[in-house]
$ cat run-v6.tsv   # TSV, C-alpha atoms
chain	number	residue	atom	x	y	z
U	20	MET	CA	11.01	5.09	-1.70
U	21	SER	CA	7.65	3.62	-1.08
U	22	MET	CA	7.70	2.32	2.44
U	23	ASP	CA	4.42	0.47	2.43
U	24	ARG	CA	5.32	-2.73	4.13
U	25	HIS	CA	4.30	-5.38	6.53
U	26	SER	CA	7.67	-7.00	6.92
U	27	ASP	CA	9.94	-6.36	9.86
U	28	GLY	CA	12.68	-5.38	7.47
U	29	ALA	CA	14.91	-2.54	8.43
U	30	LEU	CA	14.72	0.78	6.65
U	31	ASP	CA	16.96	3.81	7.10
U	32	GLY	CA	16.75	6.36	9.85
U	33	ASN	CA	15.53	8.66	7.11
U	34	ALA	CA	12.22	6.80	7.23
U	35	ALA	CA	11.77	7.92	10.85
U	36	GLY	CA	12.19	11.57	9.85
U	37	GLY	CA	8.51	12.39	10.27
U	38	ARG	CA	8.39	10.85	13.73
U	39	LEU	CA	11.51	12.72	14.79
U	40	ARG	CA	10.11	15.99	13.51
U	41	GLU	CA	7.24	15.59	15.95
U	42	LEU	CA	9.78	16.22	18.66
U	43	PHE	CA	12.88	17.96	17.31
U	44	ALA	CA	12.78	21.52	16.03
U	45	LEU	CA	15.70	20.74	13.70
U	46	ASP	CA	15.93	18.09	11.02
U	47	VAL	CA	18.06	15.46	12.70
U	48	THR	CA	18.20	12.94	9.86
U	49	ALA	CA	21.32	14.73	8.64
U	50	ALA	CA	22.76	14.94	12.15
U	51	GLU	CA	25.53	12.64	13.38
U	52	ILE	CA	24.73	10.19	16.13
U	53	VAL	CA	27.44	8.44	18.12
U	54	CYS	CA	26.64	4.90	19.24
U	55	ASP	CA	27.25	4.31	22.92
U	56	GLY	CA	27.86	0.62	22.29
U	57	CYS	CA	30.77	0.83	19.87
U	58	GLY	CA	31.46	4.51	19.27
U	59	ALA	CA	30.51	4.34	15.60
U	60	ILE	CA	29.49	7.67	14.11
U	61	ALA	CA	26.70	7.71	11.55
U	62	GLU	CA	24.17	10.07	10.12
U	63	VAL	CA	20.77	9.47	11.69
U	64	GLY	CA	19.34	9.03	8.19
U	65	ALA	CA	21.76	6.20	7.55
U	66	VAL	CA	21.32	4.02	10.64
U	67	ARG	CA	18.93	1.10	10.58
U	68	SER	CA	15.34	1.88	11.38
U	69	TYR	CA	12.60	-0.48	12.45
U	70	GLY	CA	9.18	1.11	12.30
U	71	GLY	CA	5.73	0.27	13.46
U	72	ALA	CA	2.41	1.90	14.11
U	73	MET	CA	3.62	3.30	17.42
U	74	GLY	CA	7.03	4.64	16.61
U	75	ALA	CA	10.51	3.83	15.45
U	76	VAL	CA	13.59	2.07	16.78
U	77	LEU	CA	16.96	3.11	15.37
U	78	ARG	CA	19.89	0.72	15.65
U	79	CYS	CA	23.59	1.14	15.05
U	80	ALA	CA	24.53	-0.44	11.72
U	81	HIS	CA	27.79	-1.75	13.20
U	82	CYS	CA	26.88	-3.29	16.56
U	83	ASP	CA	23.07	-3.27	16.59
U	84	THR	CA	22.80	-1.17	19.76
U	85	VAL	CA	19.49	0.68	19.97
U	86	VAL	CA	20.61	4.30	19.65
U	87	LEU	CA	17.19	5.93	19.64
U	88	ARG	CA	13.66	4.86	20.35
U	89	ILE	CA	10.66	7.13	19.79
U	90	THR	CA	7.27	5.87	20.85
U	91	HIS	CA	3.76	7.23	20.66
U	92	THR	CA	1.35	6.04	23.28
U	93	PRO	CA	-2.08	7.38	24.13
U	94	ALA	CA	-0.39	9.02	27.12
U	95	GLY	CA	2.18	10.86	25.02
U	96	LEU	CA	5.50	10.78	23.27
U	97	TRP	CA	8.53	8.89	24.64
U	98	LEU	CA	12.14	9.37	23.59
U	99	ASP	CA	14.81	6.97	24.78
U	100	MET	CA	18.38	7.78	23.70
U	101	ARG	CA	20.38	5.88	26.28
U	102	GLY	CA	22.21	4.05	23.47
U	103	ALA	CA	23.57	7.27	22.00
U	104	ARG	CA	26.57	9.16	23.34
U	105	ARG	CA	25.69	12.35	21.52
U	106	LEU	CA	23.92	13.94	18.61
U	107	PHE	CA	25.68	16.56	16.48
U	108	VAL	CA	23.87	18.94	14.15
U	109	ALA	CA	26.27	20.78	11.85
U	110	ALA	CA	25.75	24.43	11.02
U	111	PRO	CA	24.69	24.86	7.41
U	112	VAL	CA	27.41	25.67	4.90
U	113	SER	CA	27.00	29.26	3.84
V	23	MET	CA	23.95	28.10	17.42
V	24	PRO	CA	24.11	30.71	14.68
V	25	GLY	CA	22.81	29.67	11.31
V	26	ILE	CA	20.68	26.81	12.52
V	27	GLU	CA	17.05	27.79	12.17
V	28	PRO	CA	14.36	25.73	13.81
V	29	LEU	CA	12.00	24.26	11.26
V	30	ARG	CA	8.35	25.03	10.93
V	31	ARG	CA	6.33	22.64	13.03
V	32	LEU	CA	5.37	19.59	10.97
V	33	GLN	CA	1.62	19.77	10.40
V	34	TRP	CA	-0.81	17.41	8.77
V	35	MET	CA	-2.16	19.06	5.61
V	36	THR	CA	-4.95	18.12	3.25
V	37	ALA	CA	-3.91	17.01	-0.23
V	38	THR	CA	-6.44	16.92	-3.06
V	39	VAL	CA	-5.79	14.62	-5.99
V	40	ARG	CA	-5.75	16.71	-9.15
V	41	ASP	CA	-4.64	14.06	-11.59
V	42	VAL	CA	-3.64	10.41	-11.71
V	43	ILE	CA	-1.00	9.14	-14.13
V	44	ASP	CA	-0.48	5.44	-14.83
V	45	GLU	CA	3.29	4.98	-15.01
V	46	THR	CA	3.36	1.19	-15.31
V	47	GLN	CA	0.92	-1.60	-14.56
V	48	ARG	CA	1.72	-1.40	-10.84
V	49	VAL	CA	2.82	2.18	-10.43
V	50	ARG	CA	0.87	5.42	-10.49
V	51	SER	CA	1.71	9.04	-9.96
V	52	LEU	CA	-0.64	11.25	-8.00
V	53	VAL	CA	-0.52	14.92	-8.85
V	54	LEU	CA	-1.67	16.79	-5.76
V	55	ASP	CA	-2.86	20.20	-4.80
V	56	VAL	CA	-1.55	20.99	-1.34
V	57	PRO	CA	-2.45	24.50	-0.21
V	58	ASP	CA	0.35	26.11	1.79
V	59	TRP	CA	2.92	23.50	0.70
V	60	PRO	CA	6.14	25.03	2.07
V	61	GLY	CA	8.37	23.70	-0.71
V	62	HIS	CA	10.86	20.84	-0.63
V	63	ARG	CA	14.24	19.62	-1.77
V	64	ALA	CA	14.78	16.76	-4.20
V	65	GLY	CA	15.01	13.45	-2.35
V	66	GLN	CA	12.69	14.33	0.51
V	67	HIS	CA	9.55	12.40	1.36
V	68	VAL	CA	6.14	12.87	2.93
V	69	ASP	CA	4.16	10.85	5.42
V	70	VAL	CA	0.68	9.96	4.18
V	71	ARG	CA	-2.10	9.18	6.64
V	72	LEU	CA	-5.35	7.51	5.69
V	73	THR	CA	-8.23	7.38	8.16
V	74	ALA	CA	-10.99	4.78	7.84
V	75	GLU	CA	-14.61	5.53	8.73
V	76	ASP	CA	-14.15	3.71	12.02
V	77	GLY	CA	-11.20	5.91	12.89
V	78	TYR	CA	-8.49	3.36	12.12
V	79	GLN	CA	-5.41	5.12	10.77
V	80	ALA	CA	-2.61	3.86	8.58
V	81	GLN	CA	0.50	5.89	7.89
V	82	ARG	CA	3.29	5.38	5.34
V	83	SER	CA	6.10	7.38	3.80
V	84	TYR	CA	6.38	8.14	0.08
V	85	SER	CA	9.06	9.91	-1.86
V	86	ILE	CA	8.30	13.13	-3.64
V	87	ALA	CA	8.71	12.75	-7.41
V	88	SER	CA	8.28	16.34	-8.49
V	89	ALA	CA	10.95	19.02	-8.69
V	90	PRO	CA	10.75	21.75	-6.06
V	91	ALA	CA	9.77	24.31	-8.69
V	92	ALA	CA	6.83	22.27	-10.02
V	93	ALA	CA	3.40	23.80	-9.56
V	94	GLN	CA	1.98	20.62	-8.00
V	95	LEU	CA	3.38	18.06	-5.62
V	96	THR	CA	3.63	14.62	-7.23
V	97	LEU	CA	4.01	11.30	-5.45
V	98	THR	CA	4.70	8.09	-7.36
V	99	VAL	CA	3.45	4.98	-5.62
V	100	GLU	CA	3.93	1.29	-6.35
V	101	ARG	CA	1.00	-0.94	-5.52
V	102	ILE	CA	2.01	-3.53	-2.94
V	103	GLY	CA	-0.56	-6.31	-2.71
V	104	GLU	CA	-0.83	-6.57	1.05
V	105	GLY	CA	-0.17	-2.93	1.83
V	106	GLU	CA	-2.70	-0.88	3.74
V	107	VAL	CA	-2.05	2.38	1.94
V	108	SER	CA	-0.57	1.69	-1.48
V	109	PRO	CA	-3.58	-0.23	-2.89
V	110	TYR	CA	-5.59	2.94	-2.36
V	111	LEU	CA	-3.00	5.45	-3.55
V	112	ALA	CA	-1.86	3.39	-6.54
V	113	GLY	CA	-5.23	1.84	-7.32
V	114	GLU	CA	-8.40	3.50	-6.17
V	115	ALA	CA	-7.52	7.17	-5.72
V	116	ARG	CA	-9.37	9.45	-8.13
V	117	ALA	CA	-9.22	13.12	-9.00
V	118	GLY	CA	-10.96	15.07	-6.28
V	119	ASP	CA	-10.10	12.59	-3.50
V	120	ARG	CA	-8.53	14.00	-0.39
V	121	PHE	CA	-6.12	12.59	2.17
V	122	GLU	CA	-3.70	13.86	4.77
V	123	LEU	CA	0.02	14.29	4.37
V	124	ARG	CA	2.85	16.02	6.18
V	125	GLY	CA	6.27	17.07	5.01
V	126	PRO	CA	8.67	17.64	3.51
V	127	ILE	CA	10.75	15.27	5.62
V	128	GLY	CA	14.43	14.38	5.58
V	129	GLY	CA	17.71	16.19	5.19
V	130	TYR	CA	19.97	13.21	4.61
V	131	PHE	CA	18.97	11.81	1.21
V	132	VAL	CA	18.83	15.18	-0.52
V	133	TRP	CA	20.46	16.76	-3.54
V	134	THR	CA	20.42	20.43	-4.43
V	135	PRO	CA	22.22	21.94	-7.44
V	136	ASP	CA	24.70	23.72	-5.15
V	137	LEU	CA	25.90	20.33	-3.90
V	138	GLY	CA	27.39	19.89	-7.34
V	139	GLY	CA	28.42	16.62	-8.85
V	140	PRO	CA	28.97	14.58	-10.81
V	141	LEU	CA	25.77	12.91	-9.76
V	142	PHE	CA	25.64	9.13	-9.81
V	143	LEU	CA	22.16	7.77	-9.15
V	144	VAL	CA	21.49	4.08	-8.65
V	145	ALA	CA	17.88	2.86	-8.58
V	146	GLY	CA	15.98	-0.37	-8.23
V	147	GLY	CA	12.28	-0.37	-9.19
V	148	SER	CA	10.29	2.40	-7.53
V	149	GLY	CA	13.50	3.49	-5.81
V	150	VAL	CA	13.85	5.70	-8.86
V	151	VAL	CA	11.24	8.12	-7.49
V	152	PRO	CA	13.40	10.39	-5.27
V	153	LEU	CA	16.17	10.18	-7.87
V	154	MET	CA	13.72	11.38	-10.51
V	155	ALA	CA	13.01	14.42	-8.35
V	156	MET	CA	16.76	15.12	-8.44
V	157	LEU	CA	16.91	14.73	-12.24
V	158	ARG	CA	13.84	16.91	-12.67
V	159	GLN	CA	15.37	19.56	-10.46
V	160	ARG	CA	18.67	19.31	-12.32
V	161	ALA	CA	16.81	19.86	-15.60
V	162	ALA	CA	14.67	22.69	-14.21
V	163	ALA	CA	17.74	24.44	-12.83
V	164	LEU	CA	19.55	24.00	-16.18
V	165	SER	CA	22.35	22.41	-14.18
V	166	THR	CA	25.21	21.12	-16.28
V	167	VAL	CA	26.46	18.78	-13.57
V	168	PRO	CA	27.20	15.45	-15.31
V	169	ALA	CA	24.70	12.84	-14.16
V	170	THR	CA	24.26	9.12	-14.66
V	171	LEU	CA	21.26	7.05	-13.64
V	172	LEU	CA	21.84	3.31	-13.39
V	173	TYR	CA	18.37	1.84	-13.15
V	174	SER	CA	17.36	-1.78	-12.56
V	175	SER	CA	13.85	-2.87	-13.49
V	176	ARG	CA	12.24	-6.26	-13.81
V	177	GLY	CA	11.11	-5.80	-17.39
V	178	PHE	CA	10.90	-3.14	-20.07
V	179	ASP	CA	7.28	-2.37	-19.22
V	180	ASP	CA	8.21	-1.92	-15.56
V	181	ILE	CA	10.51	1.02	-16.25
V	182	ILE	CA	8.95	3.99	-14.46
V	183	TYR	CA	9.26	7.38	-16.25
V	184	ARG	CA	10.70	5.64	-19.34
V	185	ALA	CA	9.62	8.23	-21.87
V	186	GLU	CA	10.66	11.18	-19.72
V	187	LEU	CA	14.06	9.64	-18.99
V	188	ASP	CA	14.60	9.02	-22.72
V	189	LYS	CA	13.73	12.64	-23.38
V	190	LEU	CA	15.97	14.05	-20.64
V	191	ALA	CA	18.89	11.88	-21.73
V	192	GLY	CA	18.36	12.84	-25.37
V	193	GLN	CA	18.67	16.55	-24.74
V	194	GLY	CA	22.44	16.50	-24.64
V	195	GLY	CA	22.52	18.00	-21.16
V	196	GLY	CA	25.05	15.61	-19.71
V	197	LEU	CA	22.61	12.97	-18.45
V	198	THR	CA	23.24	9.31	-19.20
V	199	VAL	CA	20.64	6.66	-18.37
V	200	VAL	CA	21.75	3.03	-18.19
V	201	HIS	CA	19.04	0.40	-17.83
V	202	THR	CA	19.32	-3.17	-16.70
V	203	LEU	CA	16.39	-5.59	-16.97
V	204	THR	CA	16.60	-8.48	-14.54
V	205	ARG	CA	13.71	-10.68	-15.62
V	206	GLU	CA	12.13	-10.00	-18.98
V	207	ARG	CA	13.63	-8.30	-21.98
V	208	PRO	CA	12.05	-7.31	-25.25
V	209	ALA	CA	13.41	-8.89	-28.42
V	210	GLY	CA	16.58	-7.15	-29.52
V	211	TRP	CA	17.39	-5.71	-26.06
V	212	SER	CA	21.06	-4.89	-26.04
V	213	GLY	CA	21.35	-3.43	-22.53
V	214	PHE	CA	22.32	-5.13	-19.28
V	215	THR	CA	20.34	-8.20	-18.21
V	216	ARG	CA	21.61	-8.82	-14.67
V	217	ARG	CA	21.33	-7.37	-11.21
V	218	ILE	CA	23.42	-4.32	-10.44
V	219	ASP	CA	26.93	-5.43	-9.49
V	220	ARG	CA	30.37	-4.04	-8.98
V	221	ALA	CA	31.40	-4.24	-12.62
V	222	MET	CA	28.26	-2.39	-13.68
V	223	LEU	CA	28.76	0.29	-11.01
V	224	GLN	CA	32.35	0.72	-12.07
V	225	GLY	CA	31.53	0.86	-15.76
V	226	ALA	CA	28.54	3.19	-15.53
V	227	GLY	CA	29.80	5.39	-12.70
V	228	PHE	CA	32.34	8.18	-12.59
V	229	ALA	CA	36.05	8.03	-11.85
V	230	LEU	CA	36.97	8.18	-8.15
V	231	ALA	CA	38.90	11.37	-8.76
V	232	ALA	CA	35.70	13.09	-9.90
V	233	ARG	CA	34.28	12.52	-6.39
V	234	PRO	CA	30.73	11.82	-7.52
V	235	ARG	CA	27.79	12.39	-5.19
V	236	ILE	CA	26.12	9.00	-5.09
V	237	PHE	CA	22.51	8.26	-4.19
V	238	VAL	CA	21.23	4.69	-4.07
V	239	CYS	CA	17.54	3.89	-3.58
V	240	GLY	CA	15.71	0.61	-3.94
V	241	PRO	CA	14.88	-2.63	-2.19
V	242	THR	CA	17.19	-3.45	0.73
V	243	PRO	CA	19.23	-6.22	-1.02
V	244	LEU	CA	19.99	-3.97	-3.98
V	245	VAL	CA	20.92	-1.02	-1.77
V	246	GLU	CA	23.20	-3.04	0.47
V	247	ALA	CA	24.94	-4.81	-2.41
V	248	ALA	CA	25.47	-1.53	-4.24
V	249	ALA	CA	26.70	0.33	-1.15
V	250	VAL	CA	29.27	-2.38	-0.38
V	251	ALA	CA	30.44	-2.52	-3.99
V	252	LEU	CA	30.75	1.28	-4.20
V	253	ARG	CA	32.86	1.33	-1.04
V	254	ASP	CA	35.01	-1.51	-2.38
V	255	ILE	CA	35.57	0.44	-5.58
V	256	GLY	CA	36.89	3.22	-3.37
V	257	HIS	CA	34.17	5.85	-3.27
V	258	GLU	CA	34.13	7.87	-0.06
V	259	PRO	CA	31.44	6.51	2.29
V	260	HIS	CA	30.47	10.10	3.09
V	261	TRP	CA	29.31	10.61	-0.50
V	262	ILE	CA	27.30	7.41	-0.71
V	263	LYS	CA	23.77	8.12	0.48
V	264	THR	CA	21.35	5.23	0.64
V	265	GLU	CA	17.65	4.79	1.08
V	266	ARG	CA	16.08	1.38	1.45
V	267	PHE	CA	12.44	0.51	1.15
V	268	GLY	CA	10.31	-2.29	2.41
V	269	PRO	CA	9.29	-5.18	0.19
V	270	THR	CA	12.08	-6.77	-1.75
V	271	GLY	CA	10.07	-6.50	-4.91
V	272	SER	CA	10.55	-10.16	-5.62

$ encode --input "run-v6.tsv" --output "structure tokens"
Amino acid sequence: MSMDRHSDGALDGNAAGGRLRELFALDVTAAEIVCDGCGAIAEVGAVRSYGGAMGAVLRCAHCDTVVLRITHTPAGLWLDMRGARRLFVAAPVS
Amino acid sequence: MPGIEPLRRLQWMTATVRDVIDETQRVRSLVLDVPDWPGHRAGQHVDVRLTAEDGYQAQRSYSIASAPAAAQLTLTVERIGEGEVSPYLAGEARAGDRFELRGPIGGYFVWTPDLGGPLFLVAGGSGVVPLMAMLRQRAAALSTVPATLLYSSRGFDDIIYRAELDKLAGQGGGLTVVHTLTRERPAGWSGFTRRIDRAMLQGAGFALAARPRIFVCGPTPLVEAAAVALRDIGHEPHWIKTERFGPTGS
């Protein structure tokens, strides 16, 4: 991976991992996220991700609903997850 | 929740370039000293941040190429003409230069020896970088998990890590490397000469019953075509991990 781009092309949620780690104490790229639009379940690392200088927008790969939006502004960090029904982090296999 | 440990807070760290390796005409590896690097798993990436004298910052993500056990952290970067970061990393960076990075990042596109195999890796261009970290870790761990790398490059001289892949595959450790060259081939080339397709994935990959762990990394069109074909063949979607990157490379 070498995500040096100018295009608006979608990447994977994995590419937003650094942004998400600014907020979450757990790695959520391996977590399951349930789309509130269609109910599809996907790993956060596998959904579509649109990035920019200010943050990332994650969209359901099935119905395009925005499931997560993380934004940096000079005022602070914004998280909008209204498009997600839930996030599930599995316990590690041991 | 028992067993789920919060991660260390993700901090920006200073990386110092120790060595620069030209991999191909457009691709370089940067061998870095990163004090206090907490270690990583194969397939993870870092965010790199460059700050201009006027304070302007540009940030990009790059896959880690080195195995977790390696003494230094290595990134392999393809120079993208219009990029803000890659022309520096893959062009101008010199030993002794410093820049900021944070990581390791990502728990989705990750392979560790205990995940087992067989391991079927599918790469396009510099998408081979995180997969190389997996192969390096597999070799370092003396893992005997059967592994196949199906690797699409534009031309023979564009094959990143060519010599090392030849060496790893020649050691009889259960690694097979299958190249396809989509644009230019040297005289006498007897390998594939087309884009990765279903027939190639079926021929190079493992039987469904072997339940291979599959990792696909490359430009978006390659990744999407390969992921669809792998699902059509019948591989379990859960075992097909994909990672796309920006420019199509065309």

$ interface_residues --input "run-v6.tsv" --of "chain V" --to "chain U" --cutoff "8 Å" --atoms "all atoms listed in the file" --output "compact mmCIF listing (two decimals) with C-alpha atoms, in the frame of the given file"
# COMPACT_ATOMS: atom_id res chain seq x y z
CA MET V 23 23.95 28.10 17.42
CA PRO V 24 24.11 30.71 14.68
CA GLY V 25 22.81 29.67 11.31
CA ILE V 26 20.68 26.81 12.52
CA GLU V 27 17.05 27.79 12.17
CA PRO V 28 14.36 25.73 13.81
CA LEU V 29 12.00 24.26 11.26
CA ARG V 30 8.35 25.03 10.93
CA ARG V 31 6.33 22.64 13.03
CA LEU V 32 5.37 19.59 10.97
CA VAL V 68 6.14 12.87 2.93
CA ASP V 69 4.16 10.85 5.42
CA ALA V 80 -2.61 3.86 8.58
CA GLN V 81 0.50 5.89 7.89
CA ARG V 82 3.29 5.38 5.34
CA SER V 83 6.10 7.38 3.80
CA TYR V 84 6.38 8.14 0.08
CA SER V 85 9.06 9.91 -1.86
CA VAL V 99 3.45 4.98 -5.62
CA GLU V 100 3.93 1.29 -6.35
CA ILE V 102 2.01 -3.53 -2.94
CA GLU V 104 -0.83 -6.57 1.05
CA GLY V 105 -0.17 -2.93 1.83
CA GLU V 106 -2.70 -0.88 3.74
CA VAL V 107 -2.05 2.38 1.94
CA SER V 108 -0.57 1.69 -1.48
CA ARG V 124 2.85 16.02 6.18
CA GLY V 125 6.27 17.07 5.01
CA ILE V 127 10.75 15.27 5.62
CA GLY V 128 14.43 14.38 5.58
CA GLY V 129 17.71 16.19 5.19
CA TYR V 130 19.97 13.21 4.61
CA PHE V 131 18.97 11.81 1.21
CA SER V 148 10.29 2.40 -7.53
CA GLY V 149 13.50 3.49 -5.81
CA VAL V 150 13.85 5.70 -8.86
CA VAL V 151 11.24 8.12 -7.49
CA PRO V 152 13.40 10.39 -5.27
CA CYS V 239 17.54 3.89 -3.58
CA GLY V 240 15.71 0.61 -3.94
CA THR V 242 17.19 -3.45 0.73
CA LYS V 263 23.77 8.12 0.48
CA THR V 264 21.35 5.23 0.64
CA GLU V 265 17.65 4.79 1.08
CA ARG V 266 16.08 1.38 1.45
CA PHE V 267 12.44 0.51 1.15
CA GLY V 268 10.31 -2.29 2.41
CA PRO V 269 9.29 -5.18 0.19

$ atom_distance --input "run-v6.tsv" --atom1 "CA of Ile218 in chain V" --atom2 "CA of Gly103 in chain V"
25.3 Å

$ closest_residue --input "run-v6.tsv" --among "U:Val86, U:Glu51, U:Thr92, U:Met100" --to "Met73 in chain U" --atoms "only C-alpha atoms"
U:Thr92

$ atom_distance --input "run-v6.tsv" --atom1 "CA of Asp179 in chain V" --atom2 "CA of Leu252 in chain V"
28.1 Å

$ residues_around --input "run-v6.tsv" --residues "Asp99 in chain U" --least-positions-apart "5" --cutoff "7 Å" --atoms "only C-alpha atoms" --output "mmCIF file with C-alpha atoms, keeping the file's coordinate frame"
data_model
loop_
_atom_site.group_PDB
_atom_site.id
_atom_site.type_symbol
_atom_site.label_atom_id
_atom_site.label_comp_id
_atom_site.auth_asym_id
_atom_site.auth_seq_id
_atom_site.Cartn_x
_atom_site.Cartn_y
_atom_site.Cartn_z
ATOM 1 C CA LEU U 87 17.190 5.930 19.640
ATOM 2 C CA ARG U 88 13.660 4.860 20.350
ATOM 3 C CA ILE U 89 10.660 7.130 19.790
#

$ atom_distance --input "run-v6.tsv" --atom1 "CA of Thr96 in chain V" --atom2 "CA of Arg71 in chain V"
16.0 Å

$ residues_near_point --input "run-v6.tsv" --point "(9.8, 7.9, -13.6)" --cutoff "9 Å" --atoms "all atoms listed in the file" --output "list of chain:residue names"
V:Glu45, V:Ser51, V:Ala87, V:Thr98, V:Ser148, V:Val150, V:Val151, V:Leu153, V:Met154, V:Ala155, V:Ile181, V:Ile182, V:Tyr183, V:Arg184, V:Ala185, V:Glu186, V:Leu187

$ residues_around --input "run-v6.tsv" --residues "range 164-171 of chain V" --least-positions-apart "4" --cutoff "6 Å" --atoms "all atoms listed in the file" --output "mmCIF file with C-alpha atoms, in the frame of the given file"
data_model
loop_
_atom_site.group_PDB
_atom_site.id
_atom_site.type_symbol
_atom_site.label_atom_id
_atom_site.label_comp_id
_atom_site.auth_asym_id
_atom_site.auth_seq_id
_atom_site.Cartn_x
_atom_site.Cartn_y
_atom_site.Cartn_z
ATOM 1 C CA GLY V 139 28.420 16.620 -8.850
ATOM 2 C CA PRO V 140 28.970 14.580 -10.810
ATOM 3 C CA LEU V 141 25.770 12.910 -9.760
ATOM 4 C CA PHE V 142 25.640 9.130 -9.810
ATOM 5 C CA LEU V 143 22.160 7.770 -9.150
ATOM 6 C CA VAL V 144 21.490 4.080 -8.650
ATOM 7 C CA ARG V 160 18.670 19.310 -12.320
ATOM 8 C CA GLY V 196 25.050 15.610 -19.710
ATOM 9 C CA LEU V 197 22.610 12.970 -18.450
ATOM 10 C CA THR V 198 23.240 9.310 -19.200
ATOM 11 C CA VAL V 199 20.640 6.660 -18.370
#

$ closest_residue --input "run-v6.tsv" --among "V:Arg207, V:His257, V:Arg101, V:Arg216" --to "Leu230 in chain V" --atoms "all atoms listed in the file"
V:His257

$ residues_around --input "run-v6.tsv" --residues "range 88-90 of chain V" --least-positions-apart "2" --cutoff "10 Å" --atoms "all atoms listed in the file" --output "number ranges by chain"
V: 51, 53, 60-65, 85-86, 92-98, 134, 151-152, 154-163

$ residues_around --input "run-v6.tsv" --residues "range 113-120 of chain V" --least-positions-apart "5" --cutoff "8 Å" --atoms "only C-alpha atoms" --output "number ranges by chain"
V: 36-42, 50, 101, 108

$ closest_residue --input "run-v6.tsv" --among "V:Met35, V:Leu52, V:Val70, V:Val245" --to "Ala145 in chain V" --atoms "only C-alpha atoms"
V:Val245

$ decode --input "run-v6.tsv" --residues "range 25-73 of chain U" --atoms "C-alpha atoms" --output "compact mmCIF listing (two decimals), in the first residue's frame"
# COMPACT_ATOMS: atom_id res chain seq x y z
CA HIS U 25 -4.86 13.12 -5.17
CA SER U 26 -7.79 11.27 -6.63
CA ASP U 27 -11.11 10.92 -4.86
CA GLY U 28 -10.84 7.18 -5.23
CA ALA U 29 -12.03 5.05 -2.40
CA LEU U 30 -9.61 3.13 -0.25
CA ASP U 31 -10.38 0.65 2.51
CA GLY U 32 -11.36 1.47 6.05
CA ASN U 33 -7.93 0.16 6.92
CA ALA U 34 -6.51 3.38 5.51
CA ALA U 35 -8.41 5.34 8.17
CA GLY U 36 -6.81 3.27 10.94
CA GLY U 37 -4.51 6.06 12.08
CA ARG U 38 -7.36 8.55 12.29
CA LEU U 39 -9.49 6.11 14.25
CA ARG U 40 -6.65 5.41 16.65
CA GLU U 41 -6.67 9.09 17.57
CA LEU U 42 -9.99 8.40 19.22
CA PHE U 43 -10.46 4.70 19.97
CA ALA U 44 -8.36 2.90 22.56
CA LEU U 45 -8.82 -0.36 20.63
CA ASP U 46 -7.93 -1.12 17.05
CA VAL U 47 -11.31 -0.98 15.35
CA THR U 48 -10.19 -1.81 11.81
CA ALA U 49 -10.75 -5.47 12.67
CA ALA U 50 -14.07 -4.73 14.37
CA GLU U 51 -17.42 -5.43 12.72
CA ILE U 52 -19.63 -2.51 11.84
CA VAL U 53 -23.31 -2.93 11.04
CA CYS U 54 -24.72 -0.54 8.44
CA ASP U 55 -27.89 1.20 9.57
CA GLY U 56 -29.00 1.60 5.96
CA CYS U 57 -29.08 -2.03 4.88
CA GLY U 58 -27.93 -4.10 7.83
CA ALA U 59 -24.79 -5.32 6.07
CA ILE U 60 -22.04 -6.44 8.41
CA ALA U 61 -18.46 -5.71 7.44
CA GLU U 62 -15.09 -5.32 9.04
CA VAL U 63 -14.23 -1.65 9.41
CA GLY U 64 -11.00 -2.31 7.52
CA ALA U 65 -12.98 -3.59 4.57
CA VAL U 66 -15.57 -0.85 4.06
CA ARG U 67 -14.94 1.93 1.58
CA SER U 68 -12.97 4.87 2.84
CA TYR U 69 -12.73 8.35 1.39
CA GLY U 70 -9.95 10.37 2.94
CA GLY U 71 -8.85 13.94 2.91
CA ALA U 72 -6.68 16.31 4.85
CA MET U 73 -9.33 16.73 7.53
